[in-house]
Structure formats: C-alpha cells, structure tokens
file coords-v7.pdb (PDB, C-alpha atoms, pLDDT in the B column)
ATOM      1  CA  MET A1397       0.000   0.000   0.000  1.00 59.00           C
ATOM      2  CA  ASN A1398       1.215   3.485  -0.794  1.00 83.00           C
ATOM      3  CA  THR A1399       2.369   5.012   2.509  1.00 93.00           C
ATOM      4  CA  THR A1400       2.227   8.594   1.217  1.00 96.00           C
ATOM      5  CA  VAL A1401      -1.426   8.225   0.254  1.00 97.00           C
ATOM      6  CA  ARG A1402      -2.202   6.422   3.537  1.00 96.00           C
ATOM      7  CA  ASN A1403      -0.498   9.237   5.480  1.00 97.00           C
ATOM      8  CA  TYR A1404      -2.480  11.818   3.481  1.00 98.00           C
ATOM      9  CA  PHE A1405      -5.792  10.189   4.410  1.00 98.00           C
ATOM     10  CA  ASP A1406      -4.769   9.613   8.036  1.00 97.00           C
ATOM     11  CA  ALA A1407      -3.943  13.325   8.271  1.00 98.00           C
ATOM     12  CA  PHE A1408      -7.305  14.209   6.697  1.00 97.00           C
ATOM     13  CA  ASN A1409      -9.170  12.119   9.248  1.00 97.00           C
ATOM     14  CA  THR A1410      -7.332  13.721  12.175  1.00 96.00           C
ATOM     15  CA  GLY A1411      -7.727  17.247  10.769  1.00 95.00           C
ATOM     16  CA  ASP A1412      -3.956  17.696  10.536  1.00 97.00           C
ATOM     17  CA  LEU A1413      -3.575  20.072   7.595  1.00 97.00           C
ATOM     18  CA  SER A1414       0.196  20.411   8.097  1.00 97.00           C
ATOM     19  CA  ALA A1415       0.624  16.644   7.791  1.00 98.00           C
ATOM     20  CA  MET A1416      -1.551  16.619   4.649  1.00 98.00           C
ATOM     21  CA  LEU A1417       0.572  19.376   3.115  1.00 98.00           C
ATOM     22  CA  ALA A1418       3.741  17.426   3.956  1.00 98.00           C
ATOM     23  CA  CYS A1419       2.511  14.652   1.620  1.00 98.00           C
ATOM     24  CA  LEU A1420       2.226  17.050  -1.340  1.00 98.00           C
ATOM     25  CA  SER A1421       4.716  18.406  -3.844  1.00 98.00           C
ATOM     26  CA  ASP A1422       5.025  22.196  -3.854  1.00 97.00           C
ATOM     27  CA  ASP A1423       3.370  22.379  -7.294  1.00 97.00           C
ATOM     28  CA  VAL A1424       0.592  19.838  -6.585  1.00 98.00           C
ATOM     29  CA  ARG A1425      -2.366  19.966  -8.979  1.00 98.00           C
ATOM     30  CA  HIS A1426      -5.673  19.616  -7.115  1.00 97.00           C
ATOM     31  CA  HIS A1427      -8.641  18.646  -9.301  1.00 96.00           C
ATOM     32  CA  VAL A1428     -11.756  19.332  -7.252  1.00 90.00           C
ATOM     33  CA  ASN A1429     -15.064  17.621  -8.003  1.00 89.00           C
ATOM     34  CA  GLU A1430     -17.264  20.110  -9.917  1.00 83.00           C
ATOM     35  CA  GLY A1431     -14.555  22.789  -9.573  1.00 83.00           C
ATOM     36  CA  ASN A1432     -11.459  24.321 -11.061  1.00 89.00           C
ATOM     37  CA  VAL A1433      -7.961  22.862 -10.932  1.00 95.00           C
ATOM     38  CA  ARG A1434      -5.858  24.522  -8.235  1.00 95.00           C
ATOM     39  CA  GLN A1435      -2.069  24.388  -8.422  1.00 97.00           C
ATOM     40  CA  GLY A1436       0.308  24.685  -5.485  1.00 97.00           C
ATOM     41  CA  LYS A1437       0.221  24.077  -1.759  1.00 97.00           C
ATOM     42  CA  ASP A1438      -1.080  27.571  -0.943  1.00 96.00           C
ATOM     43  CA  LEU A1439      -4.267  27.065  -2.957  1.00 96.00           C
ATOM     44  CA  PHE A1440      -4.629  23.552  -1.554  1.00 97.00           C
ATOM     45  CA  ARG A1441      -4.309  24.955   1.990  1.00 97.00           C
ATOM     46  CA  SER A1442      -6.931  27.640   1.285  1.00 96.00           C
ATOM     47  CA  PHE A1443      -9.312  25.029  -0.112  1.00 95.00           C
ATOM     48  CA  CYS A1444      -8.882  22.807   2.967  1.00 96.00           C
ATOM     49  CA  GLU A1445      -9.384  25.722   5.360  1.00 97.00           C
ATOM     50  CA  HIS A1446     -12.624  26.638   3.573  1.00 96.00           C
ATOM     51  CA  MET A1447     -13.802  23.023   3.646  1.00 96.00           C
ATOM     52  CA  SER A1448     -13.073  22.762   7.383  1.00 96.00           C
ATOM     53  CA  ARG A1449     -15.301  25.774   8.046  1.00 97.00           C
ATOM     54  CA  CYS A1450     -18.206  24.349   6.048  1.00 98.00           C
ATOM     55  CA  TYR A1451     -17.882  20.589   6.615  1.00 98.00           C
ATOM     56  CA  ARG A1452     -16.704  18.113   9.223  1.00 97.00           C
ATOM     57  CA  GLU A1453     -15.847  14.838   7.494  1.00 98.00           C
ATOM     58  CA  GLU A1454     -14.386  11.454   8.289  1.00 98.00           C
ATOM     59  CA  LEU A1455     -13.448   8.932   5.611  1.00 98.00           C
ATOM     60  CA  THR A1456     -14.220   5.263   6.292  1.00 98.00           C
ATOM     61  CA  ASP A1457     -14.264   1.969   4.382  1.00 98.00           C
ATOM     62  CA  MET A1458     -10.977   3.020   2.766  1.00 97.00           C
ATOM     63  CA  VAL A1459      -9.447   0.861   0.036  1.00 97.00           C
ATOM     64  CA  ILE A1460      -6.191   2.107  -1.534  1.00 96.00           C
ATOM     65  CA  PHE A1461      -4.941   0.771  -4.863  1.00 96.00           C
ATOM     66  CA  ASP A1462      -1.367   1.184  -6.143  1.00 94.00           C
ATOM     67  CA  ALA A1463       0.111   1.020  -9.617  1.00 91.00           C
ATOM     68  CA  GLU A1464       3.088  -1.333  -9.755  1.00 83.00           C
ATOM     69  CA  ASP A1465       5.542   1.478 -10.513  1.00 87.00           C
ATOM     70  CA  GLY A1466       4.430   3.538  -7.478  1.00 86.00           C
ATOM     71  CA  CYS A1467       3.680   6.598  -9.614  1.00 94.00           C
ATOM     72  CA  ARG A1468      -0.103   6.295  -9.407  1.00 97.00           C
ATOM     73  CA  ALA A1469      -2.596   5.365  -6.714  1.00 97.00           C
ATOM     74  CA  ALA A1470      -6.344   5.438  -6.224  1.00 97.00           C
ATOM     75  CA  ALA A1471      -8.655   5.183  -3.241  1.00 97.00           C
ATOM     76  CA  GLU A1472     -12.297   4.354  -2.730  1.00 98.00           C
ATOM     77  CA  TYR A1473     -14.009   5.362   0.517  1.00 98.00           C
ATOM     78  CA  VAL A1474     -17.151   6.662   2.195  1.00 98.00           C
ATOM     79  CA  VAL A1475     -17.392  10.291   3.315  1.00 98.00           C
ATOM     80  CA  ASN A1476     -19.292  10.610   6.597  1.00 98.00           C
ATOM     81  CA  GLY A1477     -19.973  14.279   7.103  1.00 98.00           C
ATOM     82  CA  THR A1478     -21.799  17.106   8.785  1.00 98.00           C
ATOM     83  CA  TYR A1479     -22.665  20.274   6.888  1.00 98.00           C
ATOM     84  CA  LEU A1480     -21.631  23.062   9.285  1.00 98.00           C
ATOM     85  CA  GLU A1481     -21.759  26.377   7.416  1.00 97.00           C
ATOM     86  CA  THR A1482     -23.545  27.267   4.171  1.00 97.00           C
ATOM     87  CA  ASP A1483     -21.224  26.992   1.185  1.00 96.00           C
ATOM     88  CA  ALA A1484     -21.781  29.434  -1.693  1.00 93.00           C
ATOM     89  CA  GLY A1485     -24.282  28.178  -4.277  1.00 93.00           C
ATOM     90  CA  LEU A1486     -25.307  25.166  -2.190  1.00 95.00           C
ATOM     91  CA  PRO A1487     -28.274  24.478   0.111  1.00 97.00           C
ATOM     92  CA  GLU A1488     -28.376  26.175   3.499  1.00 97.00           C
ATOM     93  CA  ALA A1489     -26.438  24.412   6.241  1.00 98.00           C
ATOM     94  CA  ASN A1490     -28.022  23.528   9.565  1.00 97.00           C
ATOM     95  CA  GLY A1491     -25.973  20.581  10.777  1.00 97.00           C
ATOM     96  CA  GLN A1492     -27.268  18.035   8.263  1.00 98.00           C
ATOM     97  CA  THR A1493     -25.364  14.767   8.088  1.00 98.00           C
ATOM     98  CA  TYR A1494     -24.517  12.856   4.939  1.00 98.00           C
ATOM     99  CA  ARG A1495     -22.886   9.618   3.847  1.00 98.00           C
ATOM    100  CA  LEU A1496     -21.404   9.632   0.375  1.00 97.00           C
ATOM    101  CA  PRO A1497     -19.308   7.178  -1.636  1.00 98.00           C
ATOM    102  CA  ALA A1498     -16.270   8.886  -3.162  1.00 98.00           C
ATOM    103  CA  GLY A1499     -12.923   8.240  -4.776  1.00 97.00           C
ATOM    104  CA  SER A1500      -9.582   9.901  -5.358  1.00 97.00           C
ATOM    105  CA  PHE A1501      -6.797   9.425  -7.883  1.00 97.00           C
ATOM    106  CA  PHE A1502      -3.172  10.365  -7.285  1.00 98.00           C
ATOM    107  CA  SER A1503       0.038  10.889  -9.224  1.00 97.00           C
ATOM    108  CA  LEU A1504       3.243  10.599  -7.193  1.00 97.00           C
ATOM    109  CA  GLU A1505       6.854  11.538  -7.746  1.00 96.00           C
ATOM    110  CA  ASN A1506       9.783  11.163  -5.311  1.00 94.00           C
ATOM    111  CA  GLY A1507       7.415  10.135  -2.510  1.00 93.00           C
ATOM    112  CA  LYS A1508       5.206  13.229  -2.867  1.00 97.00           C
ATOM    113  CA  ILE A1509       1.699  13.604  -4.285  1.00 98.00           C
ATOM    114  CA  THR A1510       1.820  15.726  -7.450  1.00 98.00           C
ATOM    115  CA  ARG A1511      -1.863  15.360  -8.430  1.00 98.00           C
ATOM    116  CA  VAL A1512      -5.059  14.787  -6.441  1.00 98.00           C
ATOM    117  CA  VAL A1513      -8.368  14.199  -8.242  1.00 97.00           C
ATOM    118  CA  THR A1514     -11.509  13.717  -6.145  1.00 96.00           C
ATOM    119  CA  TYR A1515     -14.905  12.487  -7.354  1.00 96.00           C
ATOM    120  CA  TYR A1516     -18.284  12.132  -5.658  1.00 96.00           C
ATOM    121  CA  ASN A1517     -21.901  12.476  -6.716  1.00 96.00           C
ATOM    122  CA  LEU A1518     -22.828  16.100  -6.003  1.00 95.00           C
ATOM    123  CA  ALA A1519     -26.511  15.495  -6.808  1.00 96.00           C
ATOM    124  CA  ASP A1520     -26.593  12.740  -4.167  1.00 97.00           C
ATOM    125  CA  TRP A1521     -24.990  15.078  -1.606  1.00 97.00           C
ATOM    126  CA  VAL A1522     -27.492  17.863  -2.398  1.00 97.00           C
ATOM    127  CA  ARG A1523     -30.378  15.388  -2.033  1.00 97.00           C
ATOM    128  CA  GLN A1524     -29.073  14.272   1.374  1.00 98.00           C
ATOM    129  CA  VAL A1525     -28.682  17.791   2.802  1.00 97.00           C
ATOM    130  CA  SER A1526     -31.840  19.339   1.277  1.00 95.00           C
TER     131      SER A1526
END
call {"tool": "encode", "arguments": {"input": "coords-v7.pdb", "output": "structure tokens"}}
result
Amino acid sequence: MNTTVRNYFDAFNTGDLSAMLACLSDDVRHHVNEGNVRQGKDLFRSFCEHMSRCYREELTDMVIFDAEDGCRAAAEYVVNGTYLETDAGLPEANGQTYRLPAGSFFSLENGKITRVVTYYNLADWVRQVS
C-alpha cells in the first residue's frame, strides 16, 4: 500500500492540515469535483481551510490501490460528514449529516503527491442535505 497516500488520508481524518501538506509536492495539482484545478500548496491549503469551516468529514471503508511502478494510486471510501456552514451556491447548512461514496486518484513523484483528483456524486450530496 502506498504510505504517502495512507499518510495523506490519516492526516485528513485527524484534521492535521500540516501533515496533509507534507505529503504534497510544492506544485501539486488539485482537481476538485465540480470545480477548477488549483495548483500549489497555498491554494490547496486555502481550499482545505474553507472546507473545514463548512464541513466536518471522516473517511471510512478506505481501500487504496497502487500502480506497480508507485507513480499512481487510487482510493475508494465513504465520506461521513456534517454540513456546518452554508457553502456558496449550495443548500443552506443547519448541521445536516450525509454519507457519500467517493474516490480519489493520485500521481506521485519522489514520494510526494503531485496530483489529487476527487470524485463524488454532487446530486446525491445535495439530495441528502436538502
């Protein structure tokens, strides 16, 4: 199993943004579900800080897949969350909970994540919190 990706998800689940950032290359490309590509740790940090204000999430049922050469990895998991603060363009938040299957894809170089792509069904999330 890819230890960098495992460390990334462990840091996510403990809310340790510094440890998440330590797993990333300085020029990481972050492909957000239904959003724009962000490049660099500063934009990744800003995204995570925003998400922490609006959502409290824990990832469970994690399965991590590795490519043989160690340059790619993928993960499938369930997002267990609480919607804390209304996010722009989305339904109003009032502490709704949700459970959502999701997945991420990674590119890695020299033990650092250079690309993160995350997918989930936004329509399913909206249905759960509406």
call {"tool": "residues_near_point", "arguments": {"input": "coords-v7.pdb", "point": "(-20.7, 14.6, -5.7)", "cutoff": "10 Å", "atoms": "only C-alpha atoms", "output": "ChimeraX atom specification"}}
result
/A:1429-1430,1496-1498,1514-1522
call {"tool": "closest_residue", "arguments": {"input": "coords-v7.pdb", "among": "A:Cys1450, A:Asp1462, A:Ser1503, A:Asp1457", "to": "Glu1488 in chain A", "atoms": "only C-alpha atoms"}}
result
A:Cys1450
call {"tool": "residues_around", "arguments": {"input": "coords-v7.pdb", "residues": "Glu1454 in chain A", "least_positions_apart": "4", "cutoff": "9 Å", "atoms": "only C-alpha atoms", "output": "list of chain:residue names"}}
result
A:Phe1408, A:Asn1409, A:Thr1410, A:Val1474, A:Val1475, A:Asn1476, A:Gly1477
call {"tool": "write_last_selection", "arguments": {"input": "coords-v7.pdb", "atoms": "C-alpha atoms", "output": "PDB file, in the frame of the given file"}}
result
ATOM      1  CA  PHE A1408      -7.305  14.209   6.697  1.00 97.00           C
ATOM      2  CA  ASN A1409      -9.170  12.119   9.248  1.00 97.00           C
ATOM      3  CA  THR A1410      -7.332  13.721  12.175  1.00 96.00           C
ATOM      4  CA  VAL A1474     -17.151   6.662   2.195  1.00 98.00           C
ATOM      5  CA  VAL A1475     -17.392  10.291   3.315  1.00 98.00           C
ATOM      6  CA  ASN A1476     -19.292  10.610   6.597  1.00 98.00           C
ATOM      7  CA  GLY A1477     -19.973  14.279   7.103  1.00 98.00           C
TER       8      GLY A1477
END
call {"tool": "resolve_selection", "arguments": {"input": "coords-v7.pdb", "expression": "the PyMOL selection byres ((chain A and resi 1434) around 12)", "output": "list in words"}}
result
Asp1422, Asp1423, Val1424, Arg1425, His1426, His1427, Val1428, Asn1429, Gly1431, Asn1432, Val1433, Gln1435, Gly1436, Lys1437, Asp1438, Leu1439, Phe1440, Arg1441, Ser1442, Phe1443, Cys1444, Thr1510, Arg1511, Val1512 and Val1513 of chain A
call {"tool": "closest_residue", "arguments": {"input": "coords-v7.pdb", "among": "A:Leu1417, A:Tyr1451, A:Tyr1404, A:Asn1506", "to": "Ala1489 in chain A", "atoms": "all atoms listed in the file"}}
result
A:Tyr1451
call {"tool": "resolve_selection", "arguments": {"input": "coords-v7.pdb", "expression": "the PyMOL selection byres ((chain A and resi 1463) around 12)", "output": "ChimeraX atom specification"}}
result
/A:1397-1398,1460-1462,1464-1471,1501-1504
call {"tool": "write_last_selection", "arguments": {"input": "coords-v7.pdb", "atoms": "C-alpha atoms", "output": "PDB file, in the frame of the given file"}}
result
ATOM      1  CA  MET A1397       0.000   0.000   0.000  1.00 59.00           C
ATOM      2  CA  ASN A1398       1.215   3.485  -0.794  1.00 83.00           C
ATOM      3  CA  ILE A1460      -6.191   2.107  -1.534  1.00 96.00           C
ATOM      4  CA  PHE A1461      -4.941   0.771  -4.863  1.00 96.00           C
ATOM      5  CA  ASP A1462      -1.367   1.184  -6.143  1.00 94.00           C
ATOM      6  CA  GLU A1464       3.088  -1.333  -9.755  1.00 83.00           C
ATOM      7  CA  ASP A1465       5.542   1.478 -10.513  1.00 87.00           C
ATOM      8  CA  GLY A1466       4.430   3.538  -7.478  1.00 86.00           C
ATOM      9  CA  CYS A1467       3.680   6.598  -9.614  1.00 94.00           C
ATOM     10  CA  ARG A1468      -0.103   6.295  -9.407  1.00 97.00           C
ATOM     11  CA  ALA A1469      -2.596   5.365  -6.714  1.00 97.00           C
ATOM     12  CA  ALA A1470      -6.344   5.438  -6.224  1.00 97.00           C
ATOM     13  CA  ALA A1471      -8.655   5.183  -3.241  1.00 97.00           C
ATOM     14  CA  PHE A1501      -6.797   9.425  -7.883  1.00 97.00           C
ATOM     15  CA  PHE A1502      -3.172  10.365  -7.285  1.00 98.00           C
ATOM     16  CA  SER A1503       0.038  10.889  -9.224  1.00 97.00           C
ATOM     17  CA  LEU A1504       3.243  10.599  -7.193  1.00 97.00           C
TER      18      LEU A1504
END
call {"tool": "resolve_selection", "arguments": {"input": "coords-v7.pdb", "expression": "the PyMOL selection byres ((chain A and resi 1490) around 12)", "output": "number ranges by chain"}}
result
A: 1450-1451, 1478-1483, 1487-1489, 1491-1493, 1525-1526
call {"tool": "write_last_selection", "arguments": {"input": "coords-v7.pdb", "atoms": "C-alpha atoms", "output": "PDB file, in the coordinates of the input"}}
result
ATOM      1  CA  CYS A1450     -18.206  24.349   6.048  1.00 98.00           C
ATOM      2  CA  TYR A1451     -17.882  20.589   6.615  1.00 98.00           C
ATOM      3  CA  THR A1478     -21.799  17.106   8.785  1.00 98.00           C
ATOM      4  CA  TYR A1479     -22.665  20.274   6.888  1.00 98.00           C
ATOM      5  CA  LEU A1480     -21.631  23.062   9.285  1.00 98.00           C
ATOM      6  CA  GLU A1481     -21.759  26.377   7.416  1.00 97.00           C
ATOM      7  CA  THR A1482     -23.545  27.267   4.171  1.00 97.00           C
ATOM      8  CA  ASP A1483     -21.224  26.992   1.185  1.00 96.00           C
ATOM      9  CA  PRO A1487     -28.274  24.478   0.111  1.00 97.00           C
ATOM     10  CA  GLU A1488     -28.376  26.175   3.499  1.00 97.00           C
ATOM     11  CA  ALA A1489     -26.438  24.412   6.241  1.00 98.00           C
ATOM     12  CA  GLY A1491     -25.973  20.581  10.777  1.00 97.00           C
ATOM     13  CA  GLN A1492     -27.268  18.035   8.263  1.00 98.00           C
ATOM     14  CA  THR A1493     -25.364  14.767   8.088  1.00 98.00           C
ATOM     15  CA  VAL A1525     -28.682  17.791   2.802  1.00 97.00           C
ATOM     16  CA  SER A1526     -31.840  19.339   1.277  1.00 95.00           C
TER      17      SER A1526
END
call {"tool": "axis_aligned_box", "arguments": {"input": "coords-v7.pdb", "around": "range 1450-1457 of chain A", "padding_each_side": "6 Å", "output": "AutoDock Vina command-line options"}}
result
--center_x -15.8 --center_y 13.2 --center_z 6.8 --size_x 16.8 --size_y 34.4 --size_z 16.8
call {"tool": "atom_distance", "arguments": {"input": "coords-v7.pdb", "atom1": "CA of Ala1415 in chain A", "atom2": "CA of Asn1403 in chain A"}}
result
7.8 Å
call {"tool": "build_atoms", "arguments": {"input": "coords-v7.pdb", "residues": "range 1430-1453 of chain A", "atoms": "N, CA, C and O atoms", "output": "PDB file, in the frame of the given file"}}
result
ATOM      1  N   GLU A1430     -16.394  18.993  -9.521  1.00 83.00           N
ATOM      2  CA  GLU A1430     -17.264  20.110  -9.917  1.00 83.00           C
ATOM      3  C   GLU A1430     -16.578  21.469  -9.748  1.00 83.00           C
ATOM      4  O   GLU A1430     -17.250  22.480  -9.555  1.00 83.00           O
ATOM      5  N   GLY A1431     -15.240  21.519  -9.786  1.00 83.00           N
ATOM      6  CA  GLY A1431     -14.555  22.789  -9.573  1.00 83.00           C
ATOM      7  C   GLY A1431     -13.353  22.947 -10.478  1.00 83.00           C
ATOM      8  O   GLY A1431     -13.078  22.116 -11.334  1.00 83.00           O
ATOM      9  N   ASN A1432     -12.648  24.023 -10.272  1.00 89.00           N
ATOM     10  CA  ASN A1432     -11.459  24.321 -11.061  1.00 89.00           C
ATOM     11  C   ASN A1432     -10.235  23.596 -10.507  1.00 89.00           C
ATOM     12  O   ASN A1432     -10.184  23.247  -9.336  1.00 89.00           O
ATOM     13  N   VAL A1433      -9.230  23.431 -11.362  1.00 95.00           N
ATOM     14  CA  VAL A1433      -7.961  22.862 -10.932  1.00 95.00           C
ATOM     15  C   VAL A1433      -7.188  23.951 -10.197  1.00 95.00           C
ATOM     16  O   VAL A1433      -7.064  25.074 -10.673  1.00 95.00           O
ATOM     17  N   ARG A1434      -6.688  23.605  -9.021  1.00 95.00           N
ATOM     18  CA  ARG A1434      -5.858  24.522  -8.235  1.00 95.00           C
ATOM     19  C   ARG A1434      -4.436  23.977  -8.262  1.00 95.00           C
ATOM     20  O   ARG A1434      -4.243  22.776  -8.119  1.00 95.00           O
ATOM     21  N   GLN A1435      -3.456  24.851  -8.400  1.00 97.00           N
ATOM     22  CA  GLN A1435      -2.069  24.388  -8.422  1.00 97.00           C
ATOM     23  C   GLN A1435      -1.288  25.047  -7.302  1.00 97.00           C
ATOM     24  O   GLN A1435      -1.346  26.255  -7.103  1.00 97.00           O
ATOM     25  N   GLY A1436      -0.557  24.209  -6.555  1.00 97.00           N
ATOM     26  CA  GLY A1436       0.308  24.685  -5.485  1.00 97.00           C
ATOM     27  C   GLY A1436      -0.279  24.449  -4.102  1.00 97.00           C
ATOM     28  O   GLY A1436      -1.489  24.366  -3.921  1.00 97.00           O
ATOM     29  N   LYS A1437       0.627  24.346  -3.145  1.00 97.00           N
ATOM     30  CA  LYS A1437       0.221  24.077  -1.759  1.00 97.00           C
ATOM     31  C   LYS A1437      -0.604  25.204  -1.153  1.00 97.00           C
ATOM     32  O   LYS A1437      -1.490  24.960  -0.338  1.00 97.00           O
ATOM     33  N   ASP A1438      -0.331  26.462  -1.530  1.00 96.00           N
ATOM     34  CA  ASP A1438      -1.080  27.571  -0.943  1.00 96.00           C
ATOM     35  C   ASP A1438      -2.560  27.488  -1.293  1.00 96.00           C
ATOM     36  O   ASP A1438      -3.421  27.680  -0.431  1.00 96.00           O
ATOM     37  N   LEU A1439      -2.862  27.193  -2.562  1.00 96.00           N
ATOM     38  CA  LEU A1439      -4.267  27.065  -2.957  1.00 96.00           C
ATOM     39  C   LEU A1439      -4.899  25.823  -2.345  1.00 96.00           C
ATOM     40  O   LEU A1439      -6.079  25.830  -1.977  1.00 96.00           O
ATOM     41  N   PHE A1440      -4.128  24.753  -2.209  1.00 97.00           N
ATOM     42  CA  PHE A1440      -4.629  23.552  -1.554  1.00 97.00           C
ATOM     43  C   PHE A1440      -4.972  23.861  -0.093  1.00 97.00           C
ATOM     44  O   PHE A1440      -6.031  23.482   0.410  1.00 97.00           O
ATOM     45  N   ARG A1441      -4.081  24.565   0.592  1.00 97.00           N
ATOM     46  CA  ARG A1441      -4.309  24.955   1.990  1.00 97.00           C
ATOM     47  C   ARG A1441      -5.581  25.791   2.110  1.00 97.00           C
ATOM     48  O   ARG A1441      -6.428  25.528   2.966  1.00 97.00           O
ATOM     49  N   SER A1442      -5.739  26.781   1.247  1.00 96.00           N
ATOM     50  CA  SER A1442      -6.931  27.640   1.285  1.00 96.00           C
ATOM     51  C   SER A1442      -8.209  26.827   1.082  1.00 96.00           C
ATOM     52  O   SER A1442      -9.214  27.049   1.766  1.00 96.00           O
ATOM     53  N   PHE A1443      -8.162  25.895   0.139  1.00 95.00           N
ATOM     54  CA  PHE A1443      -9.312  25.029  -0.112  1.00 95.00           C
ATOM     55  C   PHE A1443      -9.652  24.231   1.151  1.00 95.00           C
ATOM     56  O   PHE A1443     -10.813  24.167   1.569  1.00 95.00           O
ATOM     57  N   CYS A1444      -8.655  23.627   1.771  1.00 96.00           N
ATOM     58  CA  CYS A1444      -8.882  22.807   2.967  1.00 96.00           C
ATOM     59  C   CYS A1444      -9.412  23.641   4.130  1.00 96.00           C
ATOM     60  O   CYS A1444     -10.290  23.195   4.877  1.00 96.00           O
ATOM     61  N   GLU A1445      -8.903  24.854   4.287  1.00 97.00           N
ATOM     62  CA  GLU A1445      -9.384  25.722   5.360  1.00 97.00           C
ATOM     63  C   GLU A1445     -10.852  26.084   5.146  1.00 97.00           C
ATOM     64  O   GLU A1445     -11.643  26.078   6.089  1.00 97.00           O
ATOM     65  N   HIS A1446     -11.222  26.365   3.904  1.00 96.00           N
ATOM     66  CA  HIS A1446     -12.624  26.638   3.573  1.00 96.00           C
ATOM     67  C   HIS A1446     -13.491  25.417   3.877  1.00 96.00           C
ATOM     68  O   HIS A1446     -14.553  25.527   4.502  1.00 96.00           O
ATOM     69  N   MET A1447     -13.033  24.255   3.430  1.00 96.00           N
ATOM     70  CA  MET A1447     -13.802  23.023   3.646  1.00 96.00           C
ATOM     71  C   MET A1447     -13.987  22.755   5.137  1.00 96.00           C
ATOM     72  O   MET A1447     -15.070  22.338   5.562  1.00 96.00           O
ATOM     73  N   SER A1448     -12.973  23.006   5.943  1.00 96.00           N
ATOM     74  CA  SER A1448     -13.073  22.762   7.383  1.00 96.00           C
ATOM     75  C   SER A1448     -14.097  23.671   8.061  1.00 96.00           C
ATOM     76  O   SER A1448     -14.689  23.296   9.067  1.00 96.00           O
ATOM     77  N   ARG A1449     -14.278  24.876   7.511  1.00 97.00           N
ATOM     78  CA  ARG A1449     -15.301  25.774   8.046  1.00 97.00           C
ATOM     79  C   ARG A1449     -16.697  25.268   7.723  1.00 97.00           C
ATOM     80  O   ARG A1449     -17.605  25.383   8.534  1.00 97.00           O
ATOM     81  N   CYS A1450     -16.870  24.728   6.528  1.00 98.00           N
ATOM     82  CA  CYS A1450     -18.206  24.349   6.048  1.00 98.00           C
ATOM     83  C   CYS A1450     -18.586  22.902   6.341  1.00 98.00           C
ATOM     84  O   CYS A1450     -19.777  22.584   6.412  1.00 98.00           O
ATOM     85  N   TYR A1451     -17.605  22.022   6.497  1.00 98.00           N
ATOM     86  CA  TYR A1451     -17.882  20.589   6.615  1.00 98.00           C
ATOM     87  C   TYR A1451     -16.978  19.951   7.667  1.00 98.00           C
ATOM     88  O   TYR A1451     -15.829  20.317   7.795  1.00 98.00           O
ATOM     89  N   ARG A1452     -17.520  18.977   8.371  1.00 97.00           N
ATOM     90  CA  ARG A1452     -16.704  18.113   9.223  1.00 97.00           C
ATOM     91  C   ARG A1452     -16.866  16.715   8.630  1.00 97.00           C
ATOM     92  O   ARG A1452     -17.990  16.204   8.542  1.00 97.00           O
ATOM     93  N   GLU A1453     -15.763  16.109   8.200  1.00 98.00           N
ATOM     94  CA  GLU A1453     -15.847  14.838   7.494  1.00 98.00           C
ATOM     95  C   GLU A1453     -14.842  13.822   8.033  1.00 98.00           C
ATOM     96  O   GLU A1453     -13.746  14.187   8.452  1.00 98.00           O
TER      97      GLU A1453
END
